[in-house]
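Shown below: start18.cif, with mmCIF, C-alpha atoms and all ligand atoms.
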```cif
data_target
#
loop_
_atom_site.label_atom_id
_atom_site.label_comp_id
_atom_site.auth_asym_id
_atom_site.auth_seq_id
_atom_site.Cartn_x
_atom_site.Cartn_y
_atom_site.Cartn_z
CA MET A 1 0.00 0.00 0.00
CA LYS A 2 2.92 2.38 -0.59
CA PRO A 3 1.39 4.97 -2.95
CA ILE A 4 -1.67 5.27 -0.74
CA GLU A 5 0.34 6.34 2.25
CA LYS A 6 1.63 9.23 0.22
CA VAL A 7 -1.84 10.48 -0.60
CA VAL A 8 -3.59 9.90 2.71
CA THR A 9 -1.47 11.84 5.16
CA ALA A 10 -1.51 11.88 8.93
CA ALA A 11 -3.22 15.27 8.65
CA ASP A 12 -6.08 13.68 6.70
CA LEU A 13 -6.57 11.09 9.39
CA GLN A 14 -6.77 13.85 11.97
CA MET A 15 -9.77 15.38 10.22
CA LEU A 16 -11.73 12.37 11.38
CA PRO A 17 -12.59 11.74 14.98
CA PRO A 18 -10.12 9.19 16.30
CA ILE A 19 -11.58 5.90 17.35
CA SER A 20 -11.46 5.66 21.14
CA PRO A 21 -8.99 3.05 22.40
CA ALA A 22 -11.91 1.41 24.20
CA ALA A 23 -13.99 1.11 21.01
CA SER A 24 -11.06 -0.39 19.11
CA LYS A 25 -10.42 -2.87 21.94
CA VAL A 26 -14.08 -3.86 22.16
CA LEU A 27 -14.23 -4.55 18.42
CA LYS A 28 -11.19 -6.78 18.78
CA LEU A 29 -12.58 -8.60 21.81
CA LEU A 30 -15.86 -9.20 19.98
CA ASP A 31 -13.88 -11.16 17.40
CA ASP A 32 -12.06 -13.15 20.04
CA PRO A 33 -13.93 -16.36 20.84
CA LYS A 34 -12.21 -16.51 24.21
CA ALA A 35 -13.43 -13.09 25.36
CA ASP A 36 -16.64 -13.05 27.39
CA ALA A 37 -19.12 -10.35 28.38
CA VAL A 38 -17.17 -9.59 31.55
CA ALA A 39 -14.00 -8.85 29.63
CA ILE A 40 -15.91 -6.64 27.21
CA GLN A 41 -17.73 -4.78 29.96
CA ARG A 42 -14.39 -4.11 31.71
CA VAL A 43 -13.12 -2.28 28.62
CA ILE A 44 -16.32 -0.33 27.96
CA GLN A 45 -16.59 0.97 31.51
CA TYR A 46 -13.49 3.17 31.13
CA ASP A 47 -15.09 5.10 28.29
CA PRO A 48 -18.04 7.16 29.60
CA GLY A 49 -19.41 7.98 26.14
CA LEU A 50 -19.36 4.36 25.03
CA THR A 51 -20.89 3.25 28.33
CA ALA A 52 -23.76 5.70 27.88
CA ASN A 53 -24.37 4.53 24.30
CA VAL A 54 -24.40 0.86 25.25
CA LEU A 55 -26.80 1.47 28.15
CA LYS A 56 -29.13 3.58 26.02
CA ALA A 57 -29.16 1.00 23.23
CA ALA A 58 -29.93 -1.81 25.66
CA ASN A 59 -32.97 0.16 26.80
CA SER A 60 -34.12 1.16 23.34
CA PRO A 61 -37.44 -0.38 22.28
CA TYR A 62 -35.84 -1.02 18.86
CA PHE A 63 -33.79 -3.82 20.32
CA GLY A 64 -36.92 -5.29 21.84
CA PHE A 65 -36.17 -4.85 25.52
CA ARG A 66 -38.77 -3.56 27.95
CA GLN A 67 -37.26 -3.77 31.38
CA GLU A 68 -34.83 -1.09 32.51
CA THR A 69 -31.26 -2.38 32.51
CA LEU A 70 -29.25 -1.21 35.44
CA SER A 71 -25.79 -2.62 35.00
CA LEU A 72 -23.42 -2.28 32.09
CA ARG A 73 -22.77 -6.00 32.22
CA SER A 74 -26.40 -6.93 31.66
CA ALA A 75 -26.56 -4.35 28.86
CA VAL A 76 -23.63 -6.08 27.14
CA VAL A 77 -25.28 -9.48 27.52
CA ARG A 78 -28.65 -8.15 26.34
CA LEU A 79 -27.29 -6.55 23.20
CA GLY A 80 -25.08 -9.45 22.22
CA SER A 81 -22.25 -9.32 19.73
CA ARG A 82 -24.40 -8.43 16.71
CA TRP A 83 -25.79 -5.19 18.17
CA LEU A 84 -22.68 -4.33 20.16
CA HIS A 85 -20.70 -4.17 16.92
CA GLN A 86 -23.12 -1.63 15.48
CA VAL A 87 -23.53 0.43 18.66
CA VAL A 88 -19.75 0.66 19.11
CA VAL A 89 -19.17 1.68 15.48
CA ALA A 90 -21.98 4.24 15.69
CA SER A 91 -20.44 5.70 18.85
CA PHE A 92 -17.24 6.75 17.10
CA ALA A 93 -18.15 6.99 13.40
CA LYS A 94 -21.75 8.22 13.23
CA ALA A 95 -21.07 11.90 13.96
CA ALA A 96 -18.42 12.14 11.22
CA MET A 97 -20.44 10.09 8.75
CA GLU A 98 -23.52 12.27 9.30
CA GLN A 99 -21.72 15.36 8.00
CA ASP A 100 -22.24 16.30 4.39
CA VAL A 101 -19.55 15.27 1.88
CA PRO A 102 -19.53 18.28 -0.46
CA GLY A 103 -17.05 16.96 -3.05
CA TYR A 104 -19.20 13.91 -3.64
CA ASP A 105 -22.59 15.64 -3.49
CA LEU A 106 -23.70 13.81 -0.38
CA PRO A 107 -26.00 15.99 1.75
CA ALA A 108 -25.77 15.72 5.55
CA GLY A 109 -26.95 12.33 6.79
CA GLU A 110 -26.68 10.50 3.48
CA LEU A 111 -23.34 8.71 3.96
CA TRP A 112 -24.52 7.37 7.32
CA ARG A 113 -27.87 6.41 5.79
CA HIS A 114 -26.02 4.46 3.10
CA ALA A 115 -23.85 2.75 5.72
CA VAL A 116 -26.87 1.66 7.75
CA GLY A 117 -28.64 0.54 4.56
CA VAL A 118 -25.70 -1.71 3.64
CA SER A 119 -25.72 -3.12 7.17
CA VAL A 120 -29.43 -3.97 6.86
CA ALA A 121 -29.07 -5.46 3.37
CA SER A 122 -26.07 -7.54 4.58
CA ASP A 123 -28.18 -8.82 7.46
CA ARG A 124 -31.02 -9.81 5.08
CA LEU A 125 -28.56 -11.53 2.71
CA VAL A 126 -27.07 -13.53 5.59
CA ALA A 127 -30.58 -14.60 6.62
CA LEU A 128 -31.54 -15.53 3.07
CA LEU A 129 -28.36 -17.54 2.55
CA GLY A 130 -28.78 -19.26 5.89
CA VAL A 131 -25.04 -19.02 6.49
CA SER A 132 -23.28 -18.11 9.68
CA VAL A 133 -20.81 -15.27 9.37
CA ALA A 134 -18.91 -13.35 12.01
CA ASP A 135 -20.85 -10.38 13.38
CA GLU A 136 -17.97 -8.15 12.32
CA ILE A 137 -19.79 -8.04 8.97
CA PHE A 138 -21.86 -5.20 10.49
CA THR A 139 -18.72 -3.21 11.30
CA ALA A 140 -17.47 -3.72 7.75
CA ALA A 141 -20.86 -2.71 6.32
CA LEU A 142 -21.07 0.46 8.41
CA LEU A 143 -17.50 1.55 7.64
CA HIS A 144 -17.08 0.42 4.01
CA ASP A 145 -17.40 3.92 2.48
CA ILE A 146 -15.77 5.93 5.27
CA GLY A 147 -12.92 6.75 2.88
CA LYS A 148 -15.35 9.00 1.00
CA ILE A 149 -15.03 11.50 3.86
CA VAL A 150 -11.28 11.82 3.22
CA LEU A 151 -11.45 11.91 -0.58
CA GLY A 152 -14.57 14.11 -0.61
CA GLN A 153 -12.59 16.76 1.23
CA LYS A 154 -9.54 16.45 -1.02
CA VAL A 155 -11.21 16.06 -4.40
CA GLY A 156 -12.10 19.70 -5.17
CA SER A 157 -12.32 20.43 -8.89
CA ASP A 158 -10.79 17.02 -9.71
CA VAL A 159 -14.31 15.68 -9.35
CA GLN A 160 -15.00 16.96 -12.87
CA ARG A 161 -12.22 14.75 -14.24
CA ILE A 162 -13.61 11.80 -12.31
CA GLU A 163 -17.03 12.52 -13.76
CA ALA A 164 -15.66 12.77 -17.30
CA ALA A 165 -14.09 9.32 -16.86
CA THR A 166 -17.32 7.77 -15.52
CA ALA A 167 -19.27 9.35 -18.41
CA ALA A 168 -16.97 7.32 -20.69
CA GLY A 169 -17.93 4.12 -18.88
CA VAL A 170 -15.12 3.85 -16.31
CA SER A 171 -16.34 2.77 -12.89
CA PHE A 172 -16.25 5.44 -10.20
CA GLU A 173 -13.57 3.84 -8.03
CA ALA A 174 -11.33 3.24 -11.08
CA ALA A 175 -11.81 6.91 -12.01
CA GLU A 176 -10.84 7.91 -8.47
CA ARG A 177 -7.65 5.88 -8.83
CA ALA A 178 -6.84 7.41 -12.20
CA VAL A 179 -7.40 10.98 -11.03
CA LEU A 180 -6.50 10.95 -7.33
CA GLY A 181 -4.06 8.04 -7.18
CA LEU A 182 -6.30 6.03 -4.87
CA ASP A 183 -9.97 5.20 -4.45
CA HIS A 184 -12.26 5.67 -1.46
CA ALA A 185 -12.02 1.95 -0.66
CA ALA A 186 -8.23 2.19 -0.24
CA ALA A 187 -8.54 5.43 1.73
CA GLY A 188 -11.04 3.74 4.04
CA ALA A 189 -8.80 0.70 4.48
CA CYS A 190 -5.99 3.08 5.45
CA LEU A 191 -8.17 4.62 8.15
CA LEU A 192 -9.16 1.24 9.55
CA GLU A 193 -5.52 0.24 9.66
CA ALA A 194 -4.65 3.43 11.50
CA TRP A 195 -7.41 2.54 13.97
CA ALA A 196 -5.82 -0.90 14.41
CA LEU A 197 -9.01 -2.74 13.45
CA PRO A 198 -8.75 -6.45 12.52
CA GLN A 199 -7.14 -7.20 9.13
CA GLN A 200 -10.20 -9.03 7.84
CA LEU A 201 -12.26 -5.86 8.27
CA VAL A 202 -9.58 -3.81 6.54
CA ASP A 203 -9.67 -6.24 3.59
CA VAL A 204 -13.46 -6.07 3.21
CA VAL A 205 -13.38 -2.27 3.12
CA ARG A 206 -10.38 -2.30 0.77
CA TRP A 207 -11.98 -4.57 -1.84
CA HIS A 208 -15.69 -3.79 -1.51
CA HIS A 209 -15.88 -2.73 -5.17
CA GLN A 210 -13.51 -5.40 -6.49
CA PRO A 211 -14.07 -8.65 -4.60
CA GLU A 212 -12.19 -10.59 -7.29
CA ASP A 213 -9.01 -8.62 -6.66
CA ALA A 214 -8.80 -9.43 -2.96
CA GLU A 215 -5.99 -11.72 -1.90
CA ARG A 216 -8.42 -13.82 0.07
CA GLN A 217 -11.97 -14.36 -1.12
CA SER A 218 -14.46 -14.25 1.69
CA LEU A 219 -18.13 -14.70 2.30
CA VAL A 220 -18.24 -11.43 4.24
CA LEU A 221 -16.66 -9.54 1.35
CA ASP A 222 -19.08 -10.98 -1.24
CA ILE A 223 -22.08 -10.22 0.97
CA VAL A 224 -21.03 -6.62 1.72
CA HIS A 225 -20.28 -6.08 -1.98
CA LEU A 226 -23.77 -7.22 -3.01
CA ALA A 227 -25.48 -5.38 -0.14
CA ASP A 228 -23.75 -2.23 -1.42
CA VAL A 229 -25.06 -2.93 -4.94
CA VAL A 230 -28.60 -3.33 -3.58
CA CYS A 231 -28.34 0.04 -1.80
CA LEU A 232 -26.96 1.90 -4.77
CA MET A 233 -29.70 0.47 -6.98
CA LEU A 234 -32.22 1.64 -4.38
CA GLY A 235 -30.56 5.07 -4.35
CA ILE A 236 -29.90 4.88 -0.61
CA GLY A 237 -27.26 7.55 0.08
CA THR A 238 -25.88 7.71 -3.45
CA GLY A 239 -24.12 10.90 -4.48
CA ARG A 240 -22.18 11.95 -7.54
CA ASP A 241 -21.05 8.35 -8.04
CA GLY A 242 -24.65 7.26 -8.66
CA LEU A 243 -24.72 3.74 -10.09
CA CYS A 244 -21.26 4.02 -11.69
CA TYR A 245 -19.90 0.78 -10.27
CA ARG A 246 -19.43 -2.65 -11.76
CA PRO A 247 -21.25 -5.30 -9.69
CA SER A 248 -19.59 -8.70 -9.48
CA THR A 249 -21.46 -11.53 -11.17
CA GLY A 250 -18.77 -13.75 -9.59
CA ALA A 251 -20.07 -12.86 -6.13
CA MET A 252 -23.61 -13.80 -7.23
CA LYS A 253 -22.34 -17.15 -8.50
CA ARG A 254 -20.19 -17.89 -5.46
CA LEU A 255 -23.18 -17.28 -3.20
CA GLN A 256 -25.50 -19.08 -5.65
CA LEU A 257 -27.90 -16.15 -5.66
CA LYS A 258 -30.57 -15.46 -8.24
CA VAL A 259 -31.88 -12.08 -9.37
CA SER A 260 -35.06 -12.73 -7.42
CA ASP A 261 -33.00 -13.23 -4.23
CA LEU A 262 -31.39 -9.84 -4.64
CA GLU A 263 -34.78 -8.27 -5.28
CA ALA A 264 -36.28 -9.96 -2.21
CA VAL A 265 -33.49 -8.35 -0.17
CA ALA A 266 -34.14 -5.01 -1.88
CA ALA A 267 -37.83 -5.23 -0.95
CA GLU A 268 -36.97 -5.58 2.74
CA THR A 269 -34.18 -3.04 2.95
CA PRO A 270 -36.01 0.36 3.04
CA LEU A 271 -38.17 -0.48 6.06
CA GLY A 272 -35.30 -2.22 7.89
CA LEU A 273 -33.19 0.85 7.24
CA GLU A 274 -35.66 3.23 8.90
CA GLU A 275 -35.90 0.93 11.92
CA LEU A 276 -32.16 0.51 12.39
CA LEU A 277 -31.51 4.25 11.86
CA ALA A 278 -34.00 4.99 14.62
CA GLY A 279 -32.43 2.32 16.85
CA LEU A 280 -28.92 3.68 16.41
CA ASN A 281 -30.17 7.24 16.89
CA ALA A 282 -31.61 6.25 20.22
CA ALA A 283 -28.26 4.77 21.24
CA MET B 1 -49.15 24.49 0.22
CA THR B 2 -47.00 21.56 1.09
CA ASN B 3 -43.71 20.15 -0.07
CA THR B 4 -43.90 16.39 0.21
CA VAL B 5 -40.81 14.18 0.10
CA ILE B 6 -41.53 10.70 -1.20
CA GLY B 7 -39.25 7.92 0.02
CA VAL B 8 -38.20 4.66 -1.63
CA GLY B 9 -41.41 2.70 -2.22
CA GLY B 10 -43.62 5.71 -1.60
CA MET B 11 -46.29 7.65 -3.45
CA ALA B 12 -48.08 10.97 -2.93
CA VAL B 13 -50.68 13.14 -4.65
CA GLY B 14 -51.41 16.85 -4.34
CA ARG B 15 -53.02 19.95 -5.81
CA VAL B 16 -52.07 23.40 -7.04
CA GLY B 17 -49.55 24.99 -4.67
CA ASP B 18 -48.00 21.67 -3.65
CA THR B 19 -44.62 20.28 -4.64
CA LEU B 20 -43.72 16.59 -4.72
CA VAL B 21 -40.11 15.45 -4.70
CA THR B 22 -38.24 12.15 -4.57
CA TYR B 23 -34.48 11.86 -4.14
CA ALA B 24 -31.87 9.69 -5.78
CA LEU B 25 -33.69 7.31 -8.07
CA GLY B 26 -31.25 4.53 -8.95
CA SER B 27 -32.82 1.55 -10.68
CA CYS B 28 -36.18 2.59 -9.18
CA LEU B 29 -38.94 4.08 -11.32
CA GLY B 30 -40.14 7.64 -10.72
CA LEU B 31 -43.49 8.32 -12.40
CA THR B 32 -45.32 11.67 -12.44
CA LEU B 33 -48.93 12.36 -13.44
CA TYR B 34 -50.39 15.84 -13.92
CA ASP B 35 -53.78 17.15 -14.99
CA PRO B 36 -53.20 20.71 -16.26
CA GLU B 37 -56.89 21.59 -16.03
CA THR B 38 -57.67 20.61 -12.45
CA ARG B 39 -54.00 21.08 -11.54
CA VAL B 40 -53.74 17.90 -9.52
CA GLY B 41 -51.13 15.19 -9.84
CA GLY B 42 -48.98 12.59 -8.17
CA LEU B 43 -45.54 11.03 -7.93
CA LEU B 44 -44.60 7.38 -7.45
CA HIS B 45 -41.19 5.92 -6.45
CA ALA B 46 -41.36 2.16 -7.09
CA LEU B 47 -38.42 -0.19 -6.36
CA LEU B 48 -39.15 -3.40 -8.14
CA PRO B 49 -41.04 -4.58 -11.22
CA GLN B 50 -43.33 -7.30 -9.91
CA SER B 51 -45.21 -7.70 -6.63
CA LYS B 52 -45.08 -11.49 -6.84
CA ILE B 53 -41.66 -11.29 -5.15
CA ASN B 54 -43.43 -10.30 -1.91
CA PRO B 55 -47.27 -10.19 -2.19
CA GLU B 56 -47.63 -9.39 1.51
CA LYS B 57 -45.54 -6.24 1.15
CA ALA B 58 -47.53 -5.29 -1.95
CA ARG B 59 -50.76 -5.45 0.05
CA ASP B 60 -49.31 -3.19 2.77
CA ASN B 61 -47.69 -0.84 0.30
CA PRO B 62 -48.55 -1.18 -3.39
CA ALA B 63 -46.17 1.71 -4.24
CA MET B 64 -43.19 -0.61 -3.77
CA PHE B 65 -43.81 -2.41 -7.05
CA VAL B 66 -44.36 -1.06 -10.55
CA ASN B 67 -47.21 -3.47 -11.37
CA THR B 68 -49.20 -2.43 -8.28
CA GLY B 69 -47.88 1.12 -7.81
CA VAL B 70 -48.73 2.49 -11.26
CA PRO B 71 -52.47 1.62 -11.08
CA SER B 72 -52.58 2.93 -7.48
CA LEU B 73 -51.09 6.26 -8.56
CA PHE B 74 -53.60 6.69 -11.39
CA LEU B 75 -56.53 5.86 -9.06
CA ALA B 76 -55.30 8.29 -6.40
CA VAL B 77 -54.99 11.09 -8.96
CA TYR B 78 -58.48 10.32 -10.38
CA GLU B 79 -59.82 10.63 -6.86
CA LEU B 80 -58.44 14.14 -6.57
CA GLY B 81 -60.14 15.13 -9.83
CA GLY B 82 -57.61 14.09 -12.45
CA VAL B 83 -59.03 12.90 -15.77
CA LYS B 84 -57.23 10.14 -17.65
CA GLU B 85 -57.36 11.75 -21.09
CA ARG B 86 -55.78 14.95 -19.81
CA LEU B 87 -53.00 13.44 -17.70
CA VAL B 88 -49.41 14.31 -18.61
CA VAL B 89 -47.31 11.24 -17.82
CA LYS B 90 -43.53 11.36 -17.34
CA ALA B 91 -41.03 8.71 -16.25
CA ALA B 92 -37.54 8.93 -14.78
CA GLY B 93 -34.98 6.59 -13.20
CA CYS B 94 -34.73 2.90 -14.19
CA GLY B 95 -30.94 3.19 -14.19
CA ALA B 96 -28.47 0.32 -13.97
CA PRO B 97 -24.97 -0.21 -12.64
CA LEU B 98 -22.19 -0.66 -15.22
CA GLY B 99 -22.18 -4.01 -16.99
CA ALA B 100 -25.52 -4.85 -15.37
CA GLY B 101 -26.08 -7.89 -17.62
CA THR B 102 -29.09 -9.97 -16.67
CA MET B 103 -28.28 -10.10 -12.96
CA PHE B 104 -28.53 -6.43 -12.09
CA ASN B 105 -31.04 -5.20 -14.69
CA THR B 106 -33.93 -4.42 -12.34
CA GLY B 107 -34.10 -0.89 -13.79
CA ASP B 108 -34.74 -2.18 -17.31
CA ARG B 109 -37.42 -4.50 -16.03
CA ASN B 110 -39.07 -1.67 -14.07
CA TYR B 111 -39.27 0.28 -17.32
CA THR B 112 -40.62 -2.69 -19.32
CA VAL B 113 -43.41 -3.35 -16.83
CA LEU B 114 -44.35 0.35 -16.82
CA LYS B 115 -44.55 0.47 -20.63
CA LYS B 116 -46.67 -2.66 -20.71
CA ILE B 117 -49.19 -1.30 -18.20
CA LEU B 118 -49.42 2.05 -19.99
CA TRP B 119 -49.81 0.37 -23.37
CA LYS B 120 -52.58 -1.92 -22.11
CA ASN B 121 -54.42 1.13 -20.82
CA ASN B 122 -53.89 3.31 -23.88
CA VAL B 123 -51.74 5.82 -22.08
CA LEU B 124 -48.67 7.37 -23.71
CA LEU B 125 -45.53 8.62 -21.99
CA ASP B 126 -45.15 12.34 -22.65
CA ALA B 127 -41.50 12.45 -21.64
CA GLU B 128 -38.86 10.24 -20.06
CA ASP B 129 -35.34 10.37 -18.72
CA VAL B 130 -34.46 6.75 -18.04
CA GLY B 131 -31.51 4.36 -18.05
CA GLY B 132 -27.82 5.07 -17.63
CA SER B 133 -25.89 5.04 -14.37
CA LYS B 134 -26.81 8.38 -12.81
CA ALA B 135 -28.93 8.87 -9.74
CA ARG B 136 -31.81 11.26 -10.41
CA THR B 137 -33.89 13.50 -8.16
CA VAL B 138 -37.37 14.31 -9.49
CA THR B 139 -39.54 17.29 -8.55
CA LEU B 140 -43.13 17.85 -9.66
CA ASP B 141 -44.49 21.36 -9.20
CA LEU B 142 -48.27 21.06 -9.13
CA THR B 143 -48.83 24.76 -9.78
CA THR B 144 -47.11 24.69 -13.16
CA GLY B 145 -46.92 20.98 -13.89
CA LYS B 146 -43.17 21.33 -14.38
CA VAL B 147 -41.10 18.20 -13.80
CA THR B 148 -37.47 18.86 -12.94
CA ILE B 149 -34.69 16.27 -12.93
CA SER B 150 -31.48 16.96 -11.08
CA SER B 151 -28.52 14.68 -11.34
CA GLY B 152 -24.89 15.19 -10.32
CA GLY B 153 -25.23 18.96 -9.90
CA GLU B 154 -27.17 19.45 -13.17
CA ARG B 155 -30.85 20.44 -13.37
CA ARG B 156 -33.13 20.28 -16.34
CA GLU B 157 -36.81 20.32 -17.11
CA LEU B 158 -38.36 17.11 -18.38
FE FE C 301 -17.86 2.33 -2.05
FE FE C 302 -21.16 1.94 -0.65
#
```

Encoding of this model in structure tokens:
Amino acid sequence: MKPIEKVVTAADLQMLPPISPAASKVLKLLDDPKADAVAIQRVIQYDPGLTANVLKAANSPYFGFRQETLSLRSAVVRLGSRWLHQVVVASFAKAAMEQDVPGYDLPAGELWRHAVGVSVASDRLVALLGVSVADEIFTAALLHDIGKIVLGQKVGSDVQRIEAATAAGVSFEAAERAVLGLDHAAAGACLLEAWALPQQLVDVVRWHHQPEDAERQSLVLDIVHLADVVCLMLGIGTGRDGLCYRPSTGAMKRLQLKVSDLEAVAAETPLGLEELLAGLNAA
Amino acid sequence: MTNTVIGVGGMAVGRVGDTLVTYALGSCLGLTLYDPETRVGGLLHALLPQSKINPEKARDNPAMFVNTGVPSLFLAVYELGGVKERLVVKAAGCGAPLGAGTMFNTGDRNYTVLKKILWKNNVLLDAEDVGGSKARTVTLDLTTGKVTISSGGERREL
């Protein structure tokens, strides 16, 4: 990743809120089969903001709980790994992802809306496939386009050159590479690396538009890729890039999905999106 | 005088003074109807061509599907005083990602189903801006009947 480091500087990373050490540690513990709720709670309790978010989420009607939770530990158990992933990511990334991204024509709220949409569509795809995947898929889904924040601020008038390339049939991320030297997927992967998030997550973000080019193929990568395609076809949080991406028929084949499967997921995504947005807003 | 935003799988009607808008149509269909005499009209944002993929959802919300949403929109506009013969009908959206092939061509199929329904009912499209890989925002001004498409910083009247 040499050339990328030249383009995404330490100063760029500082424009984004740093991930709290506690959030980073919790995301790692959630991927560690040996870590239990007690270990996770011990990390969360040193971060007052994260503690408040976890407690609020555990009491949110969205997550289906009625009784007031009193302790952080029971909140962690209640939420479980699947929701904890999303609440933790929201706690450090939501504020930045809710800002507008002027270079890419994303009004305030749209990048976050897209992220949550991809999380919902990933969840529906997992259910439809009947496979079991690590819950870190939700972290990958929520963060996959975070690199747009960095590039959207740097792009300036270069966006016209990107647009000229896409008008000629080049996919948006390939046009970003040609004009800026890197695409938003690589910029995002850089951020996740700087935040010391697990390598598998970095890889999913890095290759979300080119699953075939990843060193290791993975179920999570294929699912996030197709969930992203569903959301861009639905116009959920699309900006200047619109539909200018090349979906992978390979991913469809590897997952043995039919067109009707993708459309069934599309039918369920808008409502699920509104529900999860409300749930994460309450947290 | 209201400005109504229509979400994915939504539909709304209104009268003179009102504005209807729907954001970022990808492969979805945006359909506008307008009666210039009674100055009433409506806007539909349908996701998918056929309701058979989820009949239950179609019952709850016919606007999700082209085959159920288009008739619903016409009926809702008739109810407000729109007359079929006078309606100005315009379509937008139905885009596709690059190299969509047969796996990601929902937009094309949305358009085909629309054309079939209109043809069966002797209705002609007065204007359209469909296909391609841009996301489109559609606004219908019910005072003037003007339909505006904005896409990637450009605006034009349809
Ligand atoms: Fe992306
Ligand atoms: Fe995306």

Item to complete: Throw together the list of residues within 12 Å of ligand FE 302 (chain C), counting only C-alpha atoms and all ligand atoms, and drop it here as number ranges by chain.
Response: A: 110-119, 121-122, 140-148, 172-173, 184-185, 188, 204-209, 224-239, 241-245, 247

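Ranking A:Ser91, A:Asn59, A:Ser171, A:Gln41 by their shortest atom-to-atom distance to ligand FE 301 (chain C), with all atoms listed in the file included, puts A:Ser171 first.
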
Using only C-alpha atoms, which chain B residues lie at most 6 Å away from chain A, written as a compact mmCIF listing (two decimals) with C-alpha atoms, in the frame of the given file?
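Output file selection-v9.txt is given in full below:
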```txt
# COMPACT_ATOMS: atom_id res chain seq x y z
CA ALA B 24 -31.87 9.69 -5.78
CA LEU B 25 -33.69 7.31 -8.07
CA GLY B 26 -31.25 4.53 -8.95
CA SER B 27 -32.82 1.55 -10.68
CA PRO B 97 -24.97 -0.21 -12.64
CA LEU B 98 -22.19 -0.66 -15.22
CA MET B 103 -28.28 -10.10 -12.96
CA SER B 133 -25.89 5.04 -14.37
CA LYS B 134 -26.81 8.38 -12.81
CA ALA B 135 -28.93 8.87 -9.74
CA GLY B 152 -24.89 15.19 -10.32
```

What's the 8 Å shell around B:Ala127, counting only C-alpha atoms, without same-chain residues fewer than 2 positions away, as a PDB file with C-alpha atoms, in the coordinates of the input?
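Wrote it out as part21.pdb, contents follow:
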```
ATOM      1  CA  VAL B  89     -47.310  11.240 -17.820  1.00  0.00           C
ATOM      2  CA  LYS B  90     -43.530  11.360 -17.340  1.00  0.00           C
ATOM      3  CA  ALA B  91     -41.030   8.710 -16.250  1.00  0.00           C
ATOM      4  CA  LEU B 125     -45.530   8.620 -21.990  1.00  0.00           C
ATOM      5  CA  ASP B 129     -35.340  10.370 -18.720  1.00  0.00           C
ATOM      6  CA  LEU B 158     -38.360  17.110 -18.380  1.00  0.00           C
TER       7      LEU B 158
END
```

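When only C-alpha atoms are used to compute distances to B:Gly81, the closest of the residues B:Ile53, B:Val40, B:Val113, B:Ala63 turns out to be B:Val40.
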
Discussion item. Using Å and a single decimal, report how far atom CA of A:Glu212 sits from atom CA of A:Gly250.
Written reply: 7.7 Å
